[in-house]
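Chemist: One structure, pasted below without further comment.
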Amino acid sequence: MHALANIDLAVQPGEFVSLIGPSGCGKTTLLRVIADLEHITSGSVLVNGVSPHEARLARAYGYVFQAPALFPWRTVLGNVMLPLQIQDKTAAQCKSIALEQLARVGLTGFEGKYPWQLSGGMQQRVSIARALSFEPRILMMDEPFGALDEITRDRLNEQLQQLWHRERRTVVFVTHSIAEAVYLSTRIVVMSPRPGRIVRVIDSTLPDERHLGLRDSPEFVAVAHAVREALADGHHD
Amino acid sequence: MATTTSAPSLGVSARLTQQVLPIGAILLTVLVLWYLLAVYLNAPGAIERVLAPQGAWSWTDLLRETMAMQRPVLPAPHEVVLDLWRSITGWPLNSPRNLLYHVAVTGHSTLVGFAMGTVLGLVLSVCIVHSRTLDRALLPWIVASQSVPVLAIAPIVLVILGSFGLAGVAPKAVIAMYLCFFPVAVAMVQGLRSPQVIETEMLHTYAASRWQALWMLRLPAALPFLFPALRVGIAAGLVGAMVAELPTGAQAGLGARLLTGSYYGQTVQIWSALVMSAVLGLTLTAAVAGIERLVMRNRGQA
């Protein structure tokens with residue numbers, strides 16, 4: 001039994017691609033393969049034209065996990081500085097870059113706090129700032145807002161969308177929320193389990209600049225409907 | 001994890017009833033029992049050697065004599081305190097008659113042994129965590145080493161080190177180290193392995209080296225495991241240093257005081273040395289706890 005089979009997917013630079021599907025469809029596994037956290041038995045994966053292993057060593061991507069995974073002994077600033085310190089940047093560089101990244105996720109003024117003094121949503125924003133600290137062109141996110149309440153999640157979705165729109169990084173985003181996938185993505189990859197495979201790839205018809213009110217528009221509903229249909233198809237196969 | 005926050009701050013009166021009162025009650029009980037026991041144990045000797053030759057004696061005579069004997073079976077608390085006071089205030093600090101001199105000698109070898117044991121324990125744990133082979137090869141020996149009684153090892157180590165010309169602090173520190181490294185090594189193996197998968201994978205995605213992972217994740221994550229081990233270790237190290245003072249017939253040190261005290265039946269001297277070593281042990285443990293509080297002050301409940 002393979003976790004994944006017959007996966008054929010090309011992600012273009014600057015795209016926001018969501019992997020969506022029920023539990024066990026291998027969406028997280030696929031992301032972990034791309035991030036060199038998991039190895040494949042056959043086939044090939046290229047990240048920026050090189051193997052995931054080489055891409056990882058070249059620090060080609062930032063990865064945001066389901067949990068913030070912040071170090072409790074480091075301040076917010078210290079946590080964001082972590083990848084920069086690993087890359088042997090000078091202390092002054094680390095600090096100025098980290099402060100700038102915190103400003104980008106709206107956490108200026110919280111740099112001296114410790115993770116346990118922050119709410120869950122703020123912690124996850126710190127973890128996004130950390131993943132972006134060394135300006136990787138690719139951002140991989142594994143259900144980053146799955147553990148948050150819906151109100152916080154909406155706000156973070158909006159911020160993430162704006163961040164993407166500003167900076168046009170390539171994002172690969174794993175989620176099991178249809179609304180989240182439709183709101184954020186330029187392309188939605190619908191997956192199905194046993195074995196994990198791609199059912200359909202849906203191009204979003206929504207404009208690049210989005211706001212939360214868009215979710216009640218007919219285009220949004222239409223894309224969401226298409227995703228739901230594809231999920232149902234995958235289920236009946 | 002350490003809980004430095006959210007401890008309800010107690011008012012003065014609440015603090016008195018909740019903390020001082022129970023401890024004080026136990027202390028008082030122990031003192032009363034000690035006095036009763038001292039009278040009971042010393043009475044036969046007092047009657048035989050002092051009171052009976054004098055002829056008639058009353059209960060108050062007996063009570064007074066049991067507290068004033070040259071070599072009581074069990075000296076009363078105030079006798080021990082008085083002996084300590086005379087020793088500490090009556091002699092210069094560099095005199096062997098001053099107990100603080102012996103505290104310094106034993107404390108010195110304890111601290112040196114503690115430092116050596118901590119370093120040894122840290123190095124061993126890092127090796128064990130990073131190598132499966134060393135894990136299998138070293139850990140059983142580390143555990144086995146502690147099943148050998150230190151009382152048996154001490155003379156051997158002293159003789160061997162002595163033949164290398166090492167005397168004084170070094171052999172005693174080695175014995176202290178022998179007791180210190182074990183809790184540190186065992187706790188650190190556990191602590192260095194305590195990071196969660198997600199934290200390890202996160203460093204992996206940043207392409208951190210093994211050394212960076214050790215320095216940035218494993219060591220800080222292991223600190224909550226390290227400090228309790230250090231508290232146990234420094235107390236064990238003191239025992240080791242004192243035991244090491246016994247077979248050498250050392251001239252100085254609390255262990256030596258205990259030994260000479262028992263040679264000459266100086267029970268008060270034995271008890272004074274005993275109390276001093278307890279005070280030294282408590283001080284050393286408290287010092288480690290203080291450093292722990294300082295280092296861990298910013299850790300929340302993770």
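Chain labels follow the order of the structure tokens: the first chain is A, the next B, and so on; residue numbering restarts at 1 in every chain, and ligands are counted from 1 in their shown order.
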If we count only C-alpha atoms, what is near A:Leu118 at a cut-off of 12 Å, once residues fewer than 6 positions away on the same chain are taken out, given as JSON, numbers by chain?

Modeler: {"A": [68, 70, 72, 75, 76, 107, 110, 111, 112, 124, 125, 126], "B": [300]}

Chemist: Distance limit 10 Å, atoms considered: only C-alpha atoms. Which chain A residues sit that close to chain B? Return them as a PyMOL selection string.

Modeler: chain A and resi 35-37+53-75+82-87+113-117+131+134

Chemist: As number ranges by chain, list the residues of stretch 207-237 of chain B assigned to alpha helix (DSSP H) by DSSP on the backbone atoms of this structure.

Modeler: B: 210-213, 219-237

Chemist: Which residue gives the smallest distance to A:Pro195 among A:Lys95, A:Arg168, A:His211, A:His235, with only C-alpha atoms counted?

Modeler: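 Residue with the minimum atom-to-atom distance to A:Pro195: A:His235.
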
Chemist: At a cut-off of 8 Å, using only C-alpha atoms, what residues contact stretch 183-187 of chain A? Leave out same-chain residues fewer than 2 positions from it and give the result as JSON, numbers by chain.

Modeler: {"A": [15, 16, 17, 18, 157, 160, 161, 179, 180, 181, 189, 201, 202, 203, 204, 205, 206, 208, 210, 212, 215, 220]}

Chemist: Convert the current residue selection to file output with N, CA and C atoms, as a compact mmCIF listing (two decimals), in the first residue's frame.

Modeler:
# COMPACT_ATOMS: atom_id res chain seq x y z
N GLU A 15 2.76 31.14 -7.61
CA GLU A 15 1.43 30.58 -7.43
C GLU A 15 1.12 30.34 -5.96
N PHE A 16 -0.16 30.36 -5.63
CA PHE A 16 -0.61 29.91 -4.31
C PHE A 16 -1.42 28.64 -4.53
N VAL A 17 -0.81 27.52 -4.24
CA VAL A 17 -1.47 26.23 -4.50
C VAL A 17 -1.90 25.60 -3.19
N SER A 18 -3.17 25.20 -3.11
CA SER A 18 -3.66 24.50 -1.92
C SER A 18 -3.84 23.03 -2.24
N ASN A 157 -6.13 34.32 7.64
CA ASN A 157 -6.27 34.05 6.21
C ASN A 157 -6.14 35.35 5.43
N LEU A 160 -2.55 36.51 5.48
CA LEU A 160 -1.70 35.66 4.63
C LEU A 160 -1.93 36.00 3.16
N GLN A 161 -3.21 36.21 2.81
CA GLN A 161 -3.55 36.54 1.43
C GLN A 161 -2.87 37.85 1.02
N ALA A 179 -13.38 26.58 2.33
CA ALA A 179 -13.42 28.05 2.31
C ALA A 179 -12.02 28.63 2.33
N GLU A 180 -11.17 28.06 3.16
CA GLU A 180 -9.79 28.54 3.28
C GLU A 180 -9.06 28.36 1.95
N ALA A 181 -9.20 27.17 1.36
CA ALA A 181 -8.51 26.87 0.10
C ALA A 181 -8.97 27.82 -1.00
N VAL A 189 -5.67 21.93 -5.55
CA VAL A 189 -5.44 20.54 -5.92
C VAL A 189 -6.28 19.67 -5.01
N VAL A 201 -7.55 19.33 -10.52
CA VAL A 201 -6.88 20.59 -10.24
C VAL A 201 -7.76 21.72 -10.73
N ILE A 202 -8.15 22.59 -9.80
CA ILE A 202 -9.11 23.65 -10.13
C ILE A 202 -8.40 24.99 -10.14
N ASP A 203 -8.48 25.70 -11.28
CA ASP A 203 -7.92 27.06 -11.35
C ASP A 203 -8.94 28.03 -10.80
N SER A 204 -8.48 28.90 -9.95
CA SER A 204 -9.39 29.86 -9.35
C SER A 204 -9.69 30.99 -10.34
N THR A 205 -10.96 31.39 -10.36
CA THR A 205 -11.35 32.50 -11.23
C THR A 205 -11.39 33.81 -10.46
N LEU A 206 -11.03 33.74 -9.17
CA LEU A 206 -11.10 34.94 -8.33
C LEU A 206 -9.94 35.88 -8.64
N ASP A 208 -6.72 38.41 -7.95
CA ASP A 208 -5.59 38.20 -7.03
C ASP A 208 -5.77 39.00 -5.74
N ARG A 210 -7.89 40.14 -2.82
CA ARG A 210 -9.13 39.61 -2.25
C ARG A 210 -9.39 40.19 -0.87
N LEU A 212 -12.26 39.48 2.67
CA LEU A 212 -13.09 38.41 3.23
C LEU A 212 -14.53 38.47 2.71
N ARG A 215 -16.19 36.18 0.00
CA ARG A 215 -16.65 34.81 0.24
C ARG A 215 -18.15 34.64 0.01
N PHE A 220 -16.99 33.12 -5.85
CA PHE A 220 -16.43 32.34 -4.75
C PHE A 220 -17.25 31.06 -4.54
